[in-house]
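Colleague: What follows is a structure written as structure tokens; I'll ask about it next.
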Amino acid sequence: MTVLKTQNLTKRYGGKPAVDNVSITVEKGDIFGLIGQNGAGKTTFMRIVTSLTTPDSGKIELFGESTAAKLTAARTRMGAMIEMPALYRHLTAEQNLEYCCIQRGIVKRSRIQEVLKIVNLTDTGKKKFNNFSLGMKQRLGLALSMLSHPDFLILDEPTNGLDPTGIIEMRDLIKRLSKEGITILISSHLLSELAQMANKYAIIHHGSLIKSLTEEQLHEECKQALAVTVDDVTKTAVVLETALGIKDYKQVSNNEIRIYGYLKDPAEVTFKLSTEGIRVASIKEVGDSLEDYYTKIIGGATK
């Protein structure tokens, strides 16, 4: 089931596109990672989806609905935490959520304790929001977004500014919510952080979508390997399998073969190939880290 589909979504400010013809599809059960530098257009995109901002053009479909009236109804199935949660500094966690229930017409107040338990904020007592740590504020914002039992959560940089412990707690919480059946669209400027949660990715740069890929495709793009340049790739493949027991390899050109899972002993590979009469012109480790890959992708984007 498709939860969110956007087609050519566009928003301009002063003639400059903040979101430029962005089309993505989020399926039920996804943790969909929206990756981009600060100012790339992630927040504007999320504000459009949640109706906080009106697009100049393009189409939004939520839970299969796209007309204005039905989109409004579909958004009741959605929760969002965009930028710093707008909560009252002088109120406690429970009081803030109580006030939000009144605003939203939520009658079942037992939901307050349920969401506080989910985000591990049941023991804050009379502590005011103003005295919360950043991690506690982020978790209370997440609790707020979950008050109405959403099927779909939109989270804008939920780990931004957190210390390592806070990041781990937020990451584990998001993964747990996903396992409980909530579809999640989450943004970050750190691909390495999203890679520990998401199963699909969209890279946005200067408002434009420049790359979409699955978790499997990302791992393949960043897969480490030994790149071996030889004079006979067909014979090399035979030697790899029979002499070294290597099954995980790929021919990438007429004279290069890439070997996966055998990175620690390139000398052994060279020796075996040479003894079989194969001339090895070069052997080197290749493959991008997540950061290198991301930098390469946005560096190659022309705007």
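Chain lettering (A, B, ...) mirrors the order of the structure tokens, residue numbering begins at 1 for each chain separately, and ligand numbering begins at 1 in order of display.
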Residues of region 82-188 of chain A in helix (DSSP H, G or I) according to DSSP, as a VMD selection string?
Modeller: chain A and resid 93 to 104 110 to 118 129 to 131 134 to 145 164 to 179
Colleague: Skip region 146-151 of chain A itself and residues of its chain fewer than 6 positions away, then list as a PyMOL selection string all residues within 6 Å of it, counting only C-alpha atoms.
Modeller: chain A and resi 77-79+182
Colleague: Which residues of region 126-233 of chain A come within 9 Å of region 21-27 of chain A, and for each one, what is the closest pair of atoms and their distance in Å to one decimal, counting only C-alpha atoms, sorted by chain and residue number, as a tab-separated table?
Modeller:
residue	atom	partner	partner_atom	distance
A:Thr183	CA	A:Glu27	CA	7.6
A:Ile184	CA	A:Val26	CA	8.5
A:Leu185	CA	A:Val26	CA	7.8
A:Lys200	CA	A:Val26	CA	8.5
A:Ala202	CA	A:Ile24	CA	7.7
A:Ile204	CA	A:Val22	CA	8.6
A:Gly207	CA	A:Val22	CA	7.9
A:Ser208	CA	A:Val22	CA	6.2
A:Leu209	CA	A:Val22	CA	5.6
A:Ser212	CA	A:Ile24	CA	8.2
Colleague: With distances taken over only C-alpha atoms, which of A:Leu244, A:Ile106, A:Leu144, A:Val286 is nearest to Glu94 (chain A)?
Modeller: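 Residue with the minimum atom-to-atom distance to Glu94 (chain A): A:Leu144.
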Colleague: Choose the residue, out of A:Thr214, A:Asn130, A:Asn96, A:Gln37, that has the smallest atom-to-atom separation from Ala143 (chain A); count only C-alpha atoms.
Modeller: A:Asn96
Colleague: I'd like the contact shell of region 39-50 of chain A - 7 Å cut-off, only C-alpha atoms, skipping same-chain residues fewer than 5 positions apart - returned as a ChimeraX atom specification.
Modeller: /A:18-19,34,55,156,187,204-207
Colleague: Residues of the last selection are to be written out with N, CA and C atoms, as a short mmCIF file (atom, residue, chain, number, x, y, z; two decimals), in the first residue's frame.
Modeller:
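For reference, selection_7.cif as written:
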data_model
loop_
_atom_site.label_atom_id
_atom_site.label_comp_id
_atom_site.auth_asym_id
_atom_site.auth_seq_id
_atom_site.Cartn_x
_atom_site.Cartn_y
_atom_site.Cartn_z
N ALA A 18 12.80 26.13 -3.50
CA ALA A 18 13.20 25.44 -2.27
C ALA A 18 12.95 23.95 -2.41
N VAL A 19 11.90 23.60 -3.16
CA VAL A 19 11.61 22.23 -3.56
C VAL A 19 11.31 22.27 -5.05
N LEU A 34 15.07 10.84 4.10
CA LEU A 34 15.24 12.01 3.23
C LEU A 34 16.56 12.67 3.63
N PRO A 55 2.18 24.22 -1.77
CA PRO A 55 3.08 24.12 -2.92
C PRO A 55 2.65 25.05 -4.05
N ASP A 156 11.44 15.44 11.27
CA ASP A 156 12.45 16.31 10.67
C ASP A 156 13.67 16.41 11.57
N SER A 187 14.05 12.80 8.08
CA SER A 187 15.10 13.54 7.38
C SER A 187 16.35 13.65 8.24
N ILE A 204 18.31 14.80 -1.59
CA ILE A 204 17.87 16.10 -2.11
C ILE A 204 19.01 17.10 -2.02
N HIS A 205 19.21 17.85 -3.09
CA HIS A 205 20.28 18.86 -3.12
C HIS A 205 19.75 20.09 -3.85
N HIS A 206 19.84 21.25 -3.18
CA HIS A 206 19.32 22.50 -3.74
C HIS A 206 17.87 22.34 -4.21
N GLY A 207 17.08 21.62 -3.43
CA GLY A 207 15.65 21.48 -3.72
C GLY A 207 15.29 20.37 -4.69
#
Colleague: Figure out the distance between CA of Glu291 (chain A) and CA of Leu190 (chain A), please, to one decimal in Å.
Modeller: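 Atom-to-atom, CA of Leu190 (chain A) and CA of Glu291 (chain A) are spaced 8.0 Å apart.
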Colleague: I want to know what sits within 12 Å of Ile246 (chain A), based on only C-alpha atoms, with residues of the same chain fewer than 2 positions away left out; could you give that as a PDB file with N, CA, C and O atoms, in the first residue's frame?
Modeller:
ATOM      1  N   THR A 236      40.721 -15.643 -14.829  1.00  0.00           N
ATOM      2  CA  THR A 236      40.797 -15.169 -13.444  1.00  0.00           C
ATOM      3  C   THR A 236      39.613 -15.668 -12.633  1.00  0.00           C
ATOM      4  O   THR A 236      39.762 -16.113 -11.486  1.00  0.00           O
ATOM      5  N   ALA A 237      38.419 -15.610 -13.219  1.00  0.00           N
ATOM      6  CA  ALA A 237      37.215 -16.069 -12.521  1.00  0.00           C
ATOM      7  C   ALA A 237      37.323 -17.547 -12.155  1.00  0.00           C
ATOM      8  O   ALA A 237      36.945 -17.959 -11.053  1.00  0.00           O
ATOM      9  N   VAL A 238      37.874 -18.342 -13.067  1.00  0.00           N
ATOM     10  CA  VAL A 238      38.038 -19.778 -12.808  1.00  0.00           C
ATOM     11  C   VAL A 238      39.002 -20.007 -11.655  1.00  0.00           C
ATOM     12  O   VAL A 238      38.749 -20.805 -10.745  1.00  0.00           O
ATOM     13  N   VAL A 239      40.129 -19.276 -11.661  1.00  0.00           N
ATOM     14  CA  VAL A 239      41.132 -19.428 -10.605  1.00  0.00           C
ATOM     15  C   VAL A 239      40.573 -18.984  -9.252  1.00  0.00           C
ATOM     16  O   VAL A 239      40.822 -19.631  -8.227  1.00  0.00           O
ATOM     17  N   LEU A 240      39.818 -17.905  -9.248  1.00  0.00           N
ATOM     18  CA  LEU A 240      39.231 -17.422  -7.986  1.00  0.00           C
ATOM     19  C   LEU A 240      38.357 -18.494  -7.353  1.00  0.00           C
ATOM     20  O   LEU A 240      38.407 -18.726  -6.141  1.00  0.00           O
ATOM     21  N   GLU A 241      37.574 -19.166  -8.180  1.00  0.00           N
ATOM     22  CA  GLU A 241      36.651 -20.175  -7.649  1.00  0.00           C
ATOM     23  C   GLU A 241      37.363 -21.465  -7.271  1.00  0.00           C
ATOM     24  O   GLU A 241      37.104 -22.046  -6.213  1.00  0.00           O
ATOM     25  N   THR A 242      38.268 -21.942  -8.121  1.00  0.00           N
ATOM     26  CA  THR A 242      38.887 -23.254  -7.887  1.00  0.00           C
ATOM     27  C   THR A 242      40.065 -23.204  -6.919  1.00  0.00           C
ATOM     28  O   THR A 242      40.220 -24.090  -6.074  1.00  0.00           O
ATOM     29  N   ALA A 243      40.880 -22.165  -7.018  1.00  0.00           N
ATOM     30  CA  ALA A 243      42.079 -22.107  -6.186  1.00  0.00           C
ATOM     31  C   ALA A 243      41.873 -21.382  -4.861  1.00  0.00           C
ATOM     32  O   ALA A 243      42.525 -21.697  -3.857  1.00  0.00           O
ATOM     33  N   LEU A 244      40.963 -20.415  -4.849  1.00  0.00           N
ATOM     34  CA  LEU A 244      40.765 -19.614  -3.640  1.00  0.00           C
ATOM     35  C   LEU A 244      39.378 -19.787  -3.012  1.00  0.00           C
ATOM     36  O   LEU A 244      39.134 -19.293  -1.914  1.00  0.00           O
ATOM     37  N   ASP A 248      32.094 -14.726  -4.474  1.00  0.00           N
ATOM     38  CA  ASP A 248      31.516 -13.378  -4.529  1.00  0.00           C
ATOM     39  C   ASP A 248      32.456 -12.436  -5.275  1.00  0.00           C
ATOM     40  O   ASP A 248      33.354 -11.829  -4.701  1.00  0.00           O
ATOM     41  N   TYR A 249      32.249 -12.330  -6.580  1.00  0.00           N
ATOM     42  CA  TYR A 249      33.054 -11.444  -7.418  1.00  0.00           C
ATOM     43  C   TYR A 249      32.203 -10.972  -8.583  1.00  0.00           C
ATOM     44  O   TYR A 249      31.132 -11.520  -8.854  1.00  0.00           O
ATOM     45  N   LYS A 250      32.694  -9.957  -9.275  1.00  0.00           N
ATOM     46  CA  LYS A 250      31.942  -9.423 -10.409  1.00  0.00           C
ATOM     47  C   LYS A 250      32.904  -8.855 -11.445  1.00  0.00           C
ATOM     48  O   LYS A 250      33.825  -8.119 -11.091  1.00  0.00           O
ATOM     49  N   ARG A 258      36.129  -7.501  -9.726  1.00  0.00           N
ATOM     50  CA  ARG A 258      36.070  -7.059  -8.333  1.00  0.00           C
ATOM     51  C   ARG A 258      35.729  -8.240  -7.426  1.00  0.00           C
ATOM     52  O   ARG A 258      34.773  -8.973  -7.681  1.00  0.00           O
ATOM     53  N   ILE A 259      36.520  -8.367  -6.367  1.00  0.00           N
ATOM     54  CA  ILE A 259      36.376  -9.474  -5.435  1.00  0.00           C
ATOM     55  C   ILE A 259      35.857  -8.926  -4.109  1.00  0.00           C
ATOM     56  O   ILE A 259      36.451  -8.007  -3.538  1.00  0.00           O
ATOM     57  N   TYR A 260      34.768  -9.525  -3.620  1.00  0.00           N
ATOM     58  CA  TYR A 260      34.173  -9.075  -2.371  1.00  0.00           C
ATOM     59  C   TYR A 260      34.454 -10.095  -1.262  1.00  0.00           C
ATOM     60  O   TYR A 260      34.515 -11.288  -1.499  1.00  0.00           O
ATOM     61  N   GLY A 261      34.633  -9.606  -0.051  1.00  0.00           N
ATOM     62  CA  GLY A 261      34.810 -10.487   1.101  1.00  0.00           C
ATOM     63  C   GLY A 261      36.179 -11.125   1.201  1.00  0.00           C
ATOM     64  O   GLY A 261      36.364 -12.113   1.916  1.00  0.00           O
ATOM     65  N   TYR A 262      37.174 -10.596   0.516  1.00  0.00           N
ATOM     66  CA  TYR A 262      38.530 -11.165   0.585  1.00  0.00           C
ATOM     67  C   TYR A 262      39.532 -10.014   0.659  1.00  0.00           C
ATOM     68  O   TYR A 262      40.543  -9.997  -0.046  1.00  0.00           O
ATOM     69  N   LEU A 263      39.225  -9.037   1.498  1.00  0.00           N
ATOM     70  CA  LEU A 263      39.997  -7.792   1.489  1.00  0.00           C
ATOM     71  C   LEU A 263      41.304  -7.871   2.259  1.00  0.00           C
ATOM     72  O   LEU A 263      42.213  -7.068   2.026  1.00  0.00           O
ATOM     73  N   VAL A 269      45.879 -13.278  -3.295  1.00  0.00           N
ATOM     74  CA  VAL A 269      45.167 -13.250  -4.571  1.00  0.00           C
ATOM     75  C   VAL A 269      46.155 -13.046  -5.717  1.00  0.00           C
ATOM     76  O   VAL A 269      46.122 -13.759  -6.722  1.00  0.00           O
TER      77      VAL A 269
END
Colleague: For His219 (chain A), list every protein, DNA or RNA residue within 10 Å, evaluated using only C-alpha atoms, and leave out those in the same chain fewer than 4 positions away; present the list as an mmCIF file with all heavy atoms, in the first residue's frame.
Modeller:
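Writing the result to part_28.cif gives the following:
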data_model
loop_
_atom_site.group_PDB
_atom_site.id
_atom_site.type_symbol
_atom_site.label_atom_id
_atom_site.label_comp_id
_atom_site.auth_asym_id
_atom_site.auth_seq_id
_atom_site.Cartn_x
_atom_site.Cartn_y
_atom_site.Cartn_z
ATOM 1 N N ALA A 195 21.346 5.500 7.596
ATOM 2 C CA ALA A 195 21.637 4.145 7.135
ATOM 3 C C ALA A 195 21.439 3.105 8.232
ATOM 4 O O ALA A 195 21.325 1.910 7.948
ATOM 5 C CB ALA A 195 23.070 4.071 6.604
ATOM 6 N N LEU A 213 17.205 5.420 -3.839
ATOM 7 C CA LEU A 213 17.732 4.070 -3.796
ATOM 8 C C LEU A 213 17.229 3.329 -2.562
ATOM 9 O O LEU A 213 16.805 3.940 -1.577
ATOM 10 C CB LEU A 213 19.254 4.059 -3.841
ATOM 11 C CG LEU A 213 20.093 4.662 -2.709
ATOM 12 C CD1 LEU A 213 21.561 4.262 -2.888
ATOM 13 C CD2 LEU A 213 20.025 6.178 -2.678
ATOM 14 N N THR A 214 17.262 2.002 -2.658
ATOM 15 C CA THR A 214 16.861 1.151 -1.549
ATOM 16 C C THR A 214 18.060 0.878 -0.650
ATOM 17 O O THR A 214 19.210 1.192 -0.993
ATOM 18 C CB THR A 214 16.315 -0.185 -2.055
ATOM 19 O OG1 THR A 214 17.379 -0.888 -2.717
ATOM 20 C CG2 THR A 214 15.165 0.027 -3.031
ATOM 21 N N GLU A 215 17.795 0.261 0.488
ATOM 22 C CA GLU A 215 18.866 -0.128 1.409
ATOM 23 C C GLU A 215 19.867 -1.049 0.707
ATOM 24 O O GLU A 215 21.082 -0.887 0.848
ATOM 25 C CB GLU A 215 18.252 -0.832 2.616
ATOM 26 C CG GLU A 215 19.235 -1.267 3.675
ATOM 27 C CD GLU A 215 18.550 -1.952 4.839
ATOM 28 O OE1 GLU A 215 17.362 -2.323 4.720
ATOM 29 O OE2 GLU A 215 19.201 -2.127 5.885
ATOM 30 N N LYS A 223 29.812 -0.914 -1.307
ATOM 31 C CA LYS A 223 30.436 -2.192 -0.986
ATOM 32 C C LYS A 223 31.943 -2.145 -1.220
ATOM 33 O O LYS A 223 32.413 -1.678 -2.260
ATOM 34 C CB LYS A 223 29.810 -3.282 -1.864
ATOM 35 C CG LYS A 223 30.012 -4.690 -1.362
ATOM 36 C CD LYS A 223 29.185 -5.646 -2.208
ATOM 37 C CE LYS A 223 29.289 -7.079 -1.690
ATOM 38 N NZ LYS A 223 28.475 -8.007 -2.512
ATOM 39 N N GLN A 224 32.690 -2.623 -0.242
ATOM 40 C CA GLN A 224 34.145 -2.652 -0.357
ATOM 41 C C GLN A 224 34.583 -3.883 -1.168
ATOM 42 O O GLN A 224 33.992 -4.959 -1.059
ATOM 43 C CB GLN A 224 34.790 -2.712 1.031
ATOM 44 C CG GLN A 224 34.400 -1.551 1.935
ATOM 45 C CD GLN A 224 34.899 -0.219 1.400
ATOM 46 O OE1 GLN A 224 36.082 -0.024 1.190
ATOM 47 N NE2 GLN A 224 33.970 0.706 1.185
ATOM 48 N N ASP A 288 33.268 3.176 -1.528
ATOM 49 C CA ASP A 288 33.094 4.409 -0.776
ATOM 50 C C ASP A 288 32.550 4.134 0.625
ATOM 51 O O ASP A 288 31.770 3.209 0.826
ATOM 52 C CB ASP A 288 32.092 5.331 -1.485
ATOM 53 C CG ASP A 288 32.608 5.822 -2.822
ATOM 54 O OD1 ASP A 288 33.825 6.015 -2.937
ATOM 55 O OD2 ASP A 288 31.790 6.009 -3.738
ATOM 56 N N SER A 289 32.966 4.958 1.567
ATOM 57 C CA SER A 289 32.249 5.009 2.834
ATOM 58 C C SER A 289 30.933 5.721 2.552
ATOM 59 O O SER A 289 30.749 6.327 1.497
ATOM 60 C CB SER A 289 33.049 5.779 3.885
ATOM 61 O OG SER A 289 33.123 7.155 3.531
ATOM 62 N N LEU A 290 30.004 5.660 3.501
ATOM 63 C CA LEU A 290 28.731 6.340 3.314
ATOM 64 C C LEU A 290 28.930 7.838 3.099
ATOM 65 O O LEU A 290 28.293 8.452 2.249
ATOM 66 C CB LEU A 290 27.819 6.102 4.520
ATOM 67 C CG LEU A 290 27.295 4.680 4.681
ATOM 68 C CD1 LEU A 290 26.627 4.533 6.038
ATOM 69 C CD2 LEU A 290 26.333 4.318 3.576
#
Colleague: Between CA of Gly181 (chain A) and CA of Phe32 (chain A), what is the distance, to one decimal in Å?
Modeller: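 Computing it gives 13.7 Å between the two atoms.
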Colleague: So what do you get for CA of Ser145 (chain A) versus CA of Met81 (chain A), distance-wise?
Modeller: 6.0 Å
Colleague: Write out as a ChimeraX atom specification the residues lying within 9 Å of His90 (chain A), counting only C-alpha atoms and excluding same-chain residues fewer than 4 positions away.
Modeller: /A:128-131
Colleague: Check region 201-287 of chain A with DSSP on the backbone and list each residue it calls strand (DSSP E), as a VMD selection string.
Modeller: chain A and resid 201 to 205 208 to 214 225 to 230 249 to 251 256 to 259 280 to 286
Colleague: Of the residues A:Leu191, A:Ala267, A:Met84, A:Ile283, which is the one nearest to Val228 (chain A), using only C-alpha atoms?
Modeller: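 Among the listed residues, the smallest separation from Val228 (chain A) belongs to A:Ile283.
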Colleague: For Ser282 (chain A), which residue among A:Met197, A:Leu71, A:Ile112, A:Ala227 is the nearest when counting only C-alpha atoms?
Modeller: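 The answer is A:Ala227, which sits nearest to Ser282 (chain A).
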